[in-house]
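Pasting work20.cif here (mmCIF, C-alpha atoms):
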data_upload
#
loop_
_atom_site.label_atom_id
_atom_site.label_comp_id
_atom_site.auth_asym_id
_atom_site.auth_seq_id
_atom_site.Cartn_x
_atom_site.Cartn_y
_atom_site.Cartn_z
CA MET V 1125 91.23 -168.01 124.15
CA PRO V 1126 90.65 -170.52 126.94
CA VAL V 1127 87.63 -169.74 129.03
CA ALA V 1128 86.73 -171.14 132.42
CA GLU V 1129 83.04 -171.52 133.00
CA ILE V 1130 82.05 -172.23 136.53
CA GLU V 1131 78.46 -172.65 137.43
CA SER V 1132 77.79 -173.37 141.06
CA LYS V 1133 74.06 -173.62 140.50
CA GLN V 1134 71.87 -173.15 137.48
CA ILE V 1135 68.82 -171.03 138.12
CA ASP V 1136 65.94 -172.49 136.15
CA ALA V 1137 63.39 -169.78 136.02
CA SER V 1138 60.23 -169.12 134.13
CA SER V 1139 60.11 -165.88 132.23
CA SER V 1140 58.38 -163.87 134.93
CA GLU V 1141 60.69 -165.33 137.53
CA TYR V 1142 63.67 -164.37 135.39
CA HIS V 1143 62.53 -160.79 135.36
CA ARG V 1144 62.62 -160.69 139.11
CA LEU V 1145 66.25 -161.63 138.95
CA PRO V 1146 67.51 -158.07 138.90
CA PHE V 1147 67.02 -158.36 142.63
CA LEU V 1148 69.13 -161.47 142.59
CA VAL V 1149 71.52 -160.82 139.78
CA ASP V 1150 74.09 -158.11 139.47
CA ARG V 1151 75.45 -157.83 135.98
CA PHE V 1152 78.48 -155.67 135.63
CA ILE V 1153 81.00 -154.52 133.16
CA SER V 1154 83.50 -157.33 133.59
CA GLN V 1155 82.73 -160.88 132.54
CA LEU V 1156 81.63 -161.84 136.01
CA GLU V 1157 78.11 -162.46 137.13
CA VAL V 1158 76.97 -162.68 140.69
CA GLN V 1159 73.76 -164.40 141.56
CA HIS V 1160 72.14 -163.96 144.90
CA LEU V 1161 69.57 -166.43 146.01
CA LEU V 1162 68.19 -166.84 149.46
CA GLY V 1163 70.94 -164.70 150.87
CA TYR V 1164 73.57 -167.10 149.62
CA HIS V 1165 75.80 -166.03 146.83
CA LEU V 1166 75.86 -168.33 143.87
CA ARG V 1167 78.20 -167.29 141.17
CA ARG V 1168 78.52 -168.00 137.52
CA ILE V 1169 81.88 -166.88 136.34
CA SER V 1170 83.06 -166.71 132.77
CA VAL V 1171 86.59 -165.45 132.71
CA PRO V 1172 89.32 -165.53 130.08
CA ILE V 1173 91.99 -167.27 132.11
CA GLU V 1174 94.81 -165.55 130.26
CA ASP V 1175 93.68 -162.15 131.42
CA VAL V 1176 92.59 -162.41 134.99
CA GLU V 1177 94.14 -162.88 138.38
CA MET V 1178 92.33 -164.42 141.32
CA SER V 1179 92.54 -161.18 143.27
CA GLN V 1180 90.69 -159.37 140.49
CA ILE V 1181 87.81 -161.81 140.73
CA GLU V 1182 87.65 -161.50 144.49
CA GLU V 1183 87.72 -157.72 144.34
CA GLU V 1184 84.92 -157.55 141.82
CA LEU V 1185 82.78 -160.00 143.75
CA GLU V 1186 83.27 -158.03 146.94
CA GLU V 1187 82.43 -154.80 145.20
CA LYS V 1188 79.23 -156.11 143.69
CA GLU V 1189 77.98 -158.34 146.45
CA GLU V 1190 74.48 -157.53 147.67
CA LYS V 1191 74.62 -155.47 150.84
CA SER V 1192 70.91 -154.74 151.08
CA ILE V 1193 69.10 -156.65 153.79
CA PHE V 1194 65.79 -156.12 151.99
CA PHE V 1195 66.96 -157.82 148.81
CA SER V 1196 68.99 -160.55 150.46
CA SER V 1197 65.99 -161.66 152.52
CA GLN V 1198 63.41 -161.10 149.75
CA ARG V 1199 63.84 -164.42 147.98
CA GLY V 1200 63.36 -166.44 151.16
CA ILE V 1201 60.27 -164.46 152.09
CA GLU V 1202 58.80 -164.94 148.62
CA LEU V 1203 59.30 -168.69 148.95
CA LEU V 1204 57.57 -168.75 152.33
CA LYS V 1205 54.64 -166.79 150.94
CA LYS V 1206 53.81 -169.72 148.70
CA TYR V 1207 52.78 -171.63 151.83
CA TYR V 1208 52.02 -169.03 154.48
CA VAL V 1209 50.15 -165.81 155.09
CA ILE V 1210 52.70 -163.52 156.69
CA GLU V 1211 50.74 -161.34 159.08
CA ASP V 1212 53.15 -158.42 159.33
CA ASP V 1213 55.76 -158.19 156.60
CA ASP V 1214 58.04 -155.69 158.30
CA GLU V 1215 58.02 -157.48 161.61
CA PHE V 1216 58.61 -160.81 159.90
CA ARG V 1217 61.51 -159.44 157.82
CA ASN V 1218 63.18 -158.08 160.95
CA PHE V 1219 62.80 -161.50 162.56
CA PHE V 1220 63.89 -163.40 159.46
CA ILE V 1221 67.15 -161.53 158.91
CA VAL V 1222 68.50 -163.01 162.14
CA HIS V 1223 66.76 -166.38 161.99
CA LYS V 1224 67.28 -167.41 158.39
CA GLU V 1225 68.26 -170.85 159.62
CA LEU V 1226 64.56 -171.54 160.31
CA ILE V 1227 63.72 -171.51 156.62
CA ASN V 1228 64.20 -175.24 156.07
CA ILE V 1229 61.90 -176.08 158.97
CA LEU V 1230 59.35 -173.53 157.77
CA LEU V 1231 59.39 -175.00 154.28
CA ASP V 1232 59.03 -178.50 155.70
CA ALA V 1233 56.12 -177.69 158.05
CA PRO V 1234 53.23 -177.17 155.59
CA LYS V 1235 53.27 -180.73 154.27
CA TRP V 1236 52.97 -182.10 157.83
CA ILE V 1237 50.30 -179.59 158.79
CA LYS V 1238 48.22 -180.37 155.70
CA LYS V 1239 48.62 -184.08 156.26
CA ILE V 1240 47.24 -183.81 159.79
CA PHE V 1241 44.81 -180.86 159.54
CA GLY V 1242 43.70 -181.33 155.93
CA GLU V 1243 44.63 -179.77 152.62
CA SER V 1244 42.33 -176.77 152.96
CA VAL V 1245 43.90 -175.44 156.13
CA ARG V 1246 45.35 -171.93 156.07
CA ILE V 1247 48.69 -171.33 157.76
CA HIS V 1248 49.89 -167.97 159.06
CA LEU V 1249 53.24 -166.75 160.35
CA ARG V 1250 53.07 -164.37 163.28
CA VAL V 1251 55.97 -162.81 165.18
CA HIS V 1252 55.61 -162.16 168.88
CA ALA V 1253 58.34 -159.79 169.96
CA ASP V 1254 59.15 -157.54 172.84
CA PRO V 1255 62.56 -155.91 172.39
CA GLU V 1256 62.43 -154.49 175.91
CA GLU V 1257 62.07 -157.97 177.35
CA ASP V 1258 64.54 -159.37 174.80
CA TYR V 1259 61.85 -161.81 173.69
CA GLU V 1260 60.95 -162.92 170.19
CA GLU V 1261 59.30 -165.98 168.84
CA LEU V 1262 57.75 -166.97 165.55
CA PHE V 1263 54.42 -168.75 165.64
CA ILE V 1264 53.09 -170.99 162.92
CA VAL V 1265 49.37 -170.38 163.34
CA ILE V 1266 47.09 -173.06 161.92
CA LYS V 1267 43.70 -171.57 161.09
CA THR V 1268 41.14 -174.29 161.37
CA SER V 1269 37.38 -174.74 161.47
CA LEU V 1270 37.66 -177.90 163.55
CA LYS V 1271 36.08 -178.07 166.98
CA PRO V 1272 38.55 -176.90 169.68
CA GLU V 1273 39.03 -180.35 171.18
CA GLU V 1274 39.68 -181.98 167.81
CA ALA V 1275 42.04 -179.18 166.79
CA LEU V 1276 44.02 -179.64 169.98
CA ASN V 1277 44.21 -183.40 169.42
CA ARG V 1278 45.60 -182.88 165.95
CA LEU V 1279 48.09 -180.32 167.23
CA ASN V 1280 49.36 -182.95 169.63
CA VAL V 1281 49.69 -185.41 166.74
CA LEU V 1282 51.66 -182.79 164.79
CA ASP V 1283 53.94 -182.30 167.80
CA GLU V 1284 54.60 -186.00 168.11
CA GLU V 1285 54.97 -186.83 164.43
CA TRP V 1286 57.03 -183.84 163.37
CA PHE V 1287 57.69 -180.87 165.65
CA ILE V 1288 59.39 -182.82 168.40
CA LYS V 1289 61.91 -184.07 165.83
CA VAL V 1290 62.93 -180.61 164.68
CA ILE V 1291 62.57 -178.62 167.88
CA ASP V 1292 66.29 -178.83 168.65
CA ARG V 1293 66.96 -176.93 165.43
CA THR V 1294 64.62 -174.04 166.23
CA GLY V 1295 66.78 -172.48 168.92
CA GLY V 1296 63.60 -171.84 170.88
CA TYR V 1297 62.46 -169.28 168.32
CA LEU V 1298 59.61 -171.27 166.74
CA ASN V 1299 56.30 -172.45 168.11
CA ILE V 1300 53.08 -173.83 166.67
CA THR V 1301 49.53 -173.06 167.65
CA GLU V 1302 46.04 -173.40 166.21
CA GLU V 1303 43.28 -170.84 166.03
CA ALA V 1304 39.63 -171.09 165.13
CA ILE V 1305 38.67 -169.40 161.89
CA MET I 1348 63.04 -128.00 150.85
CA SER I 1349 62.44 -131.75 151.10
CA ARG I 1350 58.94 -133.13 150.85
CA LYS I 1351 57.72 -135.04 153.87
CA TYR I 1352 55.42 -138.05 153.74
CA SER I 1353 53.30 -139.69 156.40
CA ARG I 1354 53.58 -143.10 154.66
CA PRO I 1355 57.04 -143.01 153.04
CA PRO I 1356 57.74 -145.96 150.72
CA ILE I 1357 61.34 -146.48 151.94
CA VAL I 1358 61.86 -150.12 152.90
CA GLU I 1359 65.59 -149.77 153.38
CA ALA I 1360 68.29 -147.12 153.35
CA LEU I 1361 71.92 -148.17 153.43
CA CYS I 1362 75.32 -146.63 153.25
CA GLU I 1363 78.28 -148.71 152.20
CA PHE I 1364 81.98 -147.98 152.51
CA GLN I 1365 84.70 -150.08 150.94
CA PHE I 1366 88.16 -149.02 152.00
CA VAL I 1367 91.67 -149.00 150.69
CA PRO I 1368 93.37 -150.46 153.77
CA GLY I 1369 95.92 -148.50 155.75
CA GLN I 1370 97.09 -151.62 157.57
CA PRO I 1371 96.67 -155.37 157.04
CA TRP I 1372 93.22 -156.62 158.04
CA ASP I 1373 92.93 -158.88 161.08
CA MET I 1374 89.96 -160.27 162.93
CA THR I 1375 90.64 -158.32 166.13
CA ILE I 1376 89.45 -155.21 164.28
CA VAL I 1377 85.88 -156.55 164.29
CA GLY I 1378 86.01 -157.28 168.04
CA LEU I 1379 87.42 -153.86 168.86
CA PHE I 1380 84.82 -152.21 166.66
CA TYR I 1381 82.02 -154.15 168.35
CA GLU I 1382 83.24 -152.95 171.75
CA LYS I 1383 82.63 -149.39 170.57
CA ILE I 1384 79.14 -149.88 169.20
CA LYS I 1385 77.66 -152.68 171.28
CA GLU I 1386 75.46 -150.45 173.41
CA GLU I 1387 73.59 -149.32 170.33
CA PHE I 1388 73.91 -152.65 168.48
CA PRO I 1389 73.86 -155.42 171.09
CA GLU I 1390 72.83 -158.31 168.83
CA LYS I 1391 75.42 -159.96 166.60
CA GLN I 1392 75.57 -162.66 163.98
CA GLN I 1393 78.12 -163.93 161.50
CA GLN I 1394 77.46 -164.30 157.79
CA THR I 1395 79.83 -166.39 155.74
CA ARG I 1396 80.14 -166.15 152.00
CA PHE I 1397 81.86 -168.72 149.91
CA GLU I 1398 84.12 -167.96 147.00
CA ILE I 1399 85.47 -170.00 144.15
CA GLY I 1400 88.38 -168.69 142.16
CA PHE I 1401 90.54 -169.94 139.31
CA ARG I 1402 94.01 -169.10 138.19
CA LYS I 1403 95.97 -170.32 135.22
CA LYS I 1404 98.97 -172.41 136.08
CA GLU I 1405 101.35 -174.42 134.02
CA GLY I 1406 99.52 -177.37 132.53
CA GLY I 1407 96.08 -176.41 133.80
CA VAL I 1408 93.97 -174.31 136.08
CA LYS I 1409 94.39 -173.89 139.81
CA GLN I 1410 91.20 -173.76 141.80
CA LYS I 1411 90.83 -171.97 145.11
CA VAL I 1412 87.81 -172.24 147.35
CA GLY I 1413 87.58 -169.97 150.35
CA SER I 1414 85.23 -168.23 152.69
CA SER I 1415 85.16 -164.75 154.09
CA PRO I 1416 83.15 -163.86 157.16
CA ARG I 1417 81.11 -160.75 157.64
CA MET I 1418 79.75 -159.68 161.01
CA GLN I 1419 76.36 -158.08 161.41
CA PHE I 1420 75.54 -156.04 164.52
CA LEU I 1421 71.90 -155.26 165.10
CA SER I 1422 69.93 -152.80 167.17
CA LYS I 1423 67.58 -154.32 169.73
CA ASP I 1424 64.53 -153.94 167.49
CA LYS I 1425 66.56 -155.24 164.50
CA THR I 1426 65.68 -152.33 162.25
CA ILE I 1427 69.27 -151.04 162.12
CA LEU I 1428 72.32 -153.11 161.18
CA VAL I 1429 75.98 -152.41 161.00
CA GLN I 1430 77.85 -154.90 158.79
CA THR I 1431 81.59 -155.16 158.78
CA GLY I 1432 84.20 -157.38 157.20
CA PRO I 1433 87.60 -156.95 155.60
CA ASP I 1434 87.79 -153.30 154.56
CA LEU I 1435 84.03 -152.99 154.54
CA LEU I 1436 81.45 -151.10 156.57
CA VAL I 1437 77.73 -151.00 155.80
CA ILE I 1438 75.01 -149.27 157.80
CA ASN I 1439 71.49 -150.49 156.95
CA HIS I 1440 68.25 -148.97 158.20
CA LEU I 1441 65.09 -150.96 157.57
CA ARG I 1442 61.54 -149.61 157.83
CA PRO I 1443 60.55 -147.46 159.65
CA TYR I 1444 63.12 -145.04 158.25
CA PRO I 1445 63.58 -142.09 160.62
CA THR I 1446 64.75 -138.97 158.72
CA TRP I 1447 67.97 -138.02 157.01
CA HIS I 1448 68.77 -135.82 160.00
CA LYS I 1449 68.87 -138.94 162.15
CA PHE I 1450 70.28 -141.43 159.64
CA CYS I 1451 73.19 -139.24 158.50
CA PRO I 1452 74.73 -138.78 161.99
CA MET I 1453 74.30 -142.52 162.57
CA ILE I 1454 76.36 -143.24 159.44
CA LEU I 1455 79.07 -140.76 160.38
CA ARG I 1456 79.22 -141.94 163.98
CA ASN I 1457 79.83 -145.56 162.96
CA LEU I 1458 82.28 -144.57 160.25
CA LYS I 1459 84.26 -142.58 162.79
CA GLN I 1460 84.43 -145.55 165.15
CA TYR I 1461 85.53 -147.82 162.31
CA GLN I 1462 88.20 -145.33 161.23
CA LYS I 1463 89.65 -145.11 164.73
CA ILE I 1464 90.14 -148.87 164.85
CA ALA I 1465 90.85 -149.96 161.27
CA CYS I 1466 92.73 -146.81 160.17
CA PRO I 1467 91.81 -147.10 156.48
CA LYS I 1468 93.90 -145.16 153.98
CA SER I 1469 91.03 -143.99 151.80
CA PHE I 1470 87.73 -144.97 150.20
CA LYS I 1471 87.66 -147.50 147.41
CA ARG I 1472 83.92 -147.23 146.91
CA ILE I 1473 81.12 -145.38 148.69
CA GLY I 1474 77.42 -145.92 148.14
CA LEU I 1475 74.26 -144.40 149.54
CA ARG I 1476 71.16 -146.32 148.54
CA TYR I 1477 67.43 -145.94 149.09
CA ILE I 1478 65.09 -148.80 148.25
CA ASN I 1479 61.45 -147.82 147.92
CA LYS I 1480 58.59 -150.27 147.62
CA ILE I 1481 55.47 -148.76 146.15
CA GLU I 1482 52.23 -150.71 146.56
CA ILE I 1483 49.22 -149.78 144.46
CA ALA I 1484 45.83 -151.24 145.32
CA GLU I 1485 44.91 -152.09 141.73
CA LYS I 1486 45.27 -155.16 139.55
CA SER I 1487 46.81 -153.23 136.67
CA VAL I 1488 48.02 -149.69 136.17
CA GLU I 1489 49.31 -147.36 133.50
CA LEU I 1490 52.88 -146.81 134.63
CA ILE I 1491 52.79 -143.30 133.18
CA ASP I 1492 50.16 -142.34 135.78
CA TYR I 1493 52.54 -143.07 138.63
CA PHE I 1494 56.04 -142.75 137.24
CA ASN I 1495 57.98 -140.42 134.99
CA TYR I 1496 60.54 -143.18 134.44
CA TYR I 1497 59.34 -146.48 133.00
CA PRO I 1498 60.01 -148.97 130.18
CA PHE I 1499 59.19 -147.84 126.65
CA LEU I 1500 57.68 -150.39 124.31
CA PRO I 1501 57.68 -149.79 120.55
CA GLU I 1502 54.17 -149.17 119.19
CA LYS I 1503 54.11 -152.40 117.21
CA LEU I 1504 54.52 -154.49 120.35
CA PRO I 1505 51.58 -155.23 122.65
CA GLN I 1506 51.46 -152.46 125.22
CA ILE I 1507 50.36 -154.65 128.11
CA HIS I 1508 53.26 -156.26 129.91
CA GLU I 1509 53.93 -158.13 133.12
CA ALA I 1510 57.19 -158.26 135.07
CA PHE I 1511 59.81 -155.68 134.10
CA ASN I 1512 63.02 -154.06 135.17
CA VAL I 1513 64.56 -150.84 133.89
CA ARG I 1514 67.91 -149.52 135.00
CA VAL I 1515 70.15 -146.66 133.98
CA GLU I 1516 73.48 -145.45 135.28
CA ILE I 1517 73.80 -141.68 135.26
CA PRO I 1518 77.29 -140.22 135.65
CA PHE I 1519 77.92 -137.32 138.04
CA VAL I 1520 81.01 -135.24 138.83
CA GLU I 1521 82.79 -136.15 135.58
CA GLY I 1522 82.18 -139.83 136.04
CA ARG I 1523 83.54 -140.05 139.58
CA ASP I 1524 80.05 -140.79 140.88
CA ARG I 1525 77.11 -142.60 139.38
CA LEU I 1526 73.40 -142.76 140.17
CA LEU I 1527 72.10 -146.26 139.55
CA LEU I 1528 68.40 -145.84 138.98
CA THR I 1529 66.22 -148.94 138.86
CA LEU I 1530 62.46 -149.35 138.57
CA ALA I 1531 61.14 -152.90 138.64
CA SER I 1532 58.03 -154.87 139.36
CA THR I 1533 58.05 -156.94 142.55
CA PRO I 1534 55.60 -159.26 144.32
CA SER I 1535 53.00 -157.35 146.29
CA GLU I 1536 52.44 -157.90 149.99
CA LYS I 1537 48.71 -157.30 149.66
CA PRO I 1538 46.03 -159.15 147.70
CA ASP I 1539 44.74 -157.51 144.51
CA SER I 1540 47.61 -155.05 144.52
CA ILE I 1541 50.68 -154.57 142.42
CA ALA I 1542 54.02 -153.38 143.64
CA PHE I 1543 57.13 -151.72 142.29
CA VAL I 1544 60.60 -151.15 143.61
CA LEU I 1545 62.24 -147.82 142.91
CA ASP I 1546 65.88 -148.27 143.86
CA LEU I 1547 68.25 -145.29 143.87
CA ASP I 1548 71.90 -146.02 144.51
CA TYR I 1549 74.41 -143.15 144.38
CA VAL I 1550 77.96 -144.48 144.28
CA MET I 1551 81.49 -143.22 144.06
CA VAL I 1552 83.06 -145.56 141.55
CA SER I 1553 86.55 -144.09 141.19
CA PRO I 1554 88.68 -145.28 144.08
CA GLU I 1555 90.44 -142.71 146.27
CA LYS I 1556 88.72 -139.73 144.67
CA VAL I 1557 87.00 -138.63 147.89
CA GLU I 1558 89.15 -137.84 150.88
CA ILE I 1559 88.11 -139.29 154.22
CA GLU I 1560 87.77 -135.78 155.68
CA LYS I 1561 85.34 -134.84 152.89
CA ILE I 1562 82.91 -137.68 153.51
CA GLU I 1563 80.19 -135.52 155.04
CA GLU I 1564 80.18 -133.33 151.95
CA TRP I 1565 79.99 -136.38 149.65
CA ILE I 1566 77.24 -138.02 151.61
CA GLU I 1567 75.12 -134.86 151.62
CA LYS I 1568 75.50 -134.58 147.85
CA ALA I 1569 74.57 -138.24 147.44
CA HIS I 1570 71.46 -137.73 149.52
CA THR I 1571 70.46 -134.62 147.57
CA GLU I 1572 70.84 -136.43 144.23
CA ILE I 1573 68.86 -139.43 145.48
CA GLU I 1574 66.09 -137.24 146.86
CA ASN I 1575 65.93 -135.30 143.64
CA GLY I 1576 66.01 -138.51 141.57
CA PHE I 1577 63.15 -139.95 143.58
CA GLU I 1578 60.97 -136.87 143.31
CA VAL I 1579 61.43 -136.47 139.57
CA CYS I 1580 60.72 -140.15 138.92
CA ILE I 1581 57.27 -140.12 140.51
CA THR I 1582 54.06 -138.31 139.58
CA GLU I 1583 51.61 -136.45 141.81
CA LYS I 1584 49.33 -139.48 141.72
CA CYS I 1585 52.13 -141.62 143.10
CA ARG I 1586 52.96 -138.97 145.68
CA ASP I 1587 49.33 -139.11 146.88
CA LEU I 1588 49.91 -142.74 147.94
CA PHE I 1589 52.48 -141.59 150.49
CA GLY I 1590 50.37 -138.89 152.11
CA GLU I 1591 52.44 -135.76 151.63
CA LYS I 1592 52.62 -133.55 154.73
CA LYS I 1593 51.94 -129.97 153.64
#
Render the structure in this file as structure tokens.
Amino acid sequence: MPVAEIESKQIDASSSEYHRLPFLVDRFISQLEVQHLLGYHLRRISVPIEDVEMSQIEEELEEKEEKSIFFSSQRGIELLKKYYVIEDDDEFRNFFIVHKELINILLDAPKWIKKIFGESVRIHLRVHADPEEDYEELFIVIKTSLKPEEALNRLNVLDEEWFIKVIDRTGGYLNITEEAI
Amino acid sequence: MSRKYSRPPIVEALCEFQFVPGQPWDMTIVGLFYEKIKEEFPEKQQQTRFEIGFRKKEGGVKQKVGSSPRMQFLSKDKTILVQTGPDLLVINHLRPYPTWHKFCPMILRNLKQYQKIACPKSFKRIGLRYINKIEIAEKSVELIDYFNYYPFLPEKLPQIHEAFNVRVEIPFVEGRDRLLLTLASTPSEKPDSIAFVLDLDYVMVSPEKVEIEKIEEWIEKAHTEIENGFEVCITEKCRDLFGEKK
């Protein structure tokens, strides 16, 4: 029987990573598999072409698509935790679900910060929000033991070398600051 | 009577409705629906999902690539979302979860508004789901101390394991409904801690078997089964983590 195998993206995962996939993978009784990564829906479909209509595939995908906000944002948050200390998980998740577009900038930032502030620097993510004032902003907080003047100089260098180039893509929702350890 | 906790582990509760349409779907439905709920859910954003489909045709396979948008409406503090798309309505409540007595009317209120505008014929699928994240401030634990539901390893295998996921589907009401019960390890938010997700999803899987007028009855049953499932899956030691209110 002819079989169509479509793989939009292969997930290469170590064993322990694979076992987290239940959050990302929905396996169900048909021959369809849905993979959720980073809130995007990557699908591997193995379907006997003789037996299936397009509408069937669409219906099954719709039925099994991840509707949980917790799980659909989880993968992105896990990735960010490799580089950042997230100061308040709940607050950050609430921010992240509406500002997922910041993820590329957030994943890009650590290499620039480490280049300018040194490899040993710790980087935090802190949300400042006031729903009453309709205000919210994410701060990348660079924890440094440098003297205040030197830290400020390096922050300016970071602004010039990197942040100024991406600021148009932040929508005004991202800022960077430094704090003494 | 339900147990009450001062530190409940619920990270998200959601209720999902998929409908059998009563009229063809069009994008004005979303706009009209938003008009009705925008005071409570003023923020909005669009999510787009991409689909790839294949169909056999003479001499080969026809490929179709498409996208279908889904709108998300959020409360001001972004802890509550209403998601809608073609024949779909989802109400999500992130932490802090209020109580069932507040969440249930919220579900019904939004469903009623959706019904008025989209006029669905019936339910294709309904789901009520509670996702619990349980953090334990230890580097390793005996699962049996905290859970009554856990993976079983044959004696001849090493008994120490790392990441895991166990899931069962339990039929209810002669197979019309199902409780999808999942316990899995998950990354912890705290250092030197381990974390687990206990995910209880009660779903109606047989289309058109619950009448629209009977939704309140169904949803109460779903909640009861989820609550019961949660309580029987955890031990007293686990319960102590949540600070039971006596």
(request) Using only C-alpha atoms, find the one residue out of I:Gln1392, I:Asp1548, I:Thr1582, I:Leu1441 that sits nearest to I:Arg1417. (result) I:Gln1392
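Shortest atom-to-atom contact with V:Glu1211 among V:Trp1286, V:Tyr1297, V:Phe1241, V:Phe1263: V:Phe1263, counting only C-alpha atoms.
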(message) I want to know what sits within 12 Å of V:Ser1244, based on only C-alpha atoms, with residues of the same chain fewer than 5 positions away left out; could you give that as a list of chain:residue names?
(response) V:Tyr1207, V:Pro1234, V:Lys1235, V:Ile1237, V:Lys1238, V:Lys1239, V:Ile1266, V:Lys1267, V:Thr1268, V:Ser1269, V:Leu1270
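Counting all atoms listed in the file and comparing I:Gly1369, I:Arg1456, I:Ile1473, I:Gln1419, the residue that lies closest to I:Gln1393 is I:Gln1419.
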For stretch 1225-1275 of chain V against stretch 1199-1203 of chain V, with a cut-off of 12 Å and counting all atoms listed in the file, what is the closest atom pair and its distance in Å to one decimal for every residue that makes the cut, ordered by chain and number, as CSV?
residue,atom,partner,partner_atom,distance
V:Glu1225,CA,V:Gly1200,CA,10.7
V:Leu1226,CA,V:Gly1200,CA,10.5
V:Ile1227,CA,V:Gly1200,CA,7.5
V:Asn1228,CA,V:Gly1200,CA,10.1
V:Leu1230,CA,V:Leu1203,CA,10.1
V:Leu1231,CA,V:Leu1203,CA,8.3
V:Asp1232,CA,V:Leu1203,CA,11.9
V:Leu1249,CA,V:Ile1201,CA,11.1
(request) Find, counting all atoms listed in the file, the residue in I:Ser1353, I:Thr1431, I:Thr1426, I:Gln1370 that gets nearest to I:Ile1384. (result) I:Thr1431
(request) Name the residues within 10 Å of (85.3, -154.8, 164.9), counting all atoms listed in the file in the file's coordinates, and put them as an MDAnalysis selection string. (result) chainID I and resid 1373:1384 1418 1420 1430:1433 1436 1460:1461 1464:1465
(request) Could you please determine the separation between atom CA of V:Glu1189 and atom CA of I:Ile1573 in Å, to one decimal place? (result) 21.0 Å
(request) Rank V:Leu1298, V:Val1209, V:Leu1276, V:Arg1217 by their smallest atom-to-atom distance to V:Ile1193, using all atoms listed in the file, and report the top residue only. (result) V:Arg1217
(request) I would like the residues chosen by the PyMOL selection byres ((chain V and resi 1214) around 9) on the shown file; could you give them as a PyMOL selection string? (result) (chain V and resi 1212-1213+1215-1219) or (chain I and resi 1358+1441-1443)
On this structure, which residues satisfy the PyMOL selection byres ((chain V and resi 1301) around 8), written as a compact mmCIF listing (two decimals) with C-alpha atoms, keeping the file's coordinate frame?
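Output (result39.txt):
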# COMPACT_ATOMS: atom_id res chain seq x y z
CA PHE V 1263 54.42 -168.75 165.64
CA ILE V 1264 53.09 -170.99 162.92
CA VAL V 1265 49.37 -170.38 163.34
CA ILE V 1266 47.09 -173.06 161.92
CA LEU V 1279 48.09 -180.32 167.23
CA ASN V 1299 56.30 -172.45 168.11
CA ILE V 1300 53.08 -173.83 166.67
CA GLU V 1302 46.04 -173.40 166.21
CA GLU V 1303 43.28 -170.84 166.03
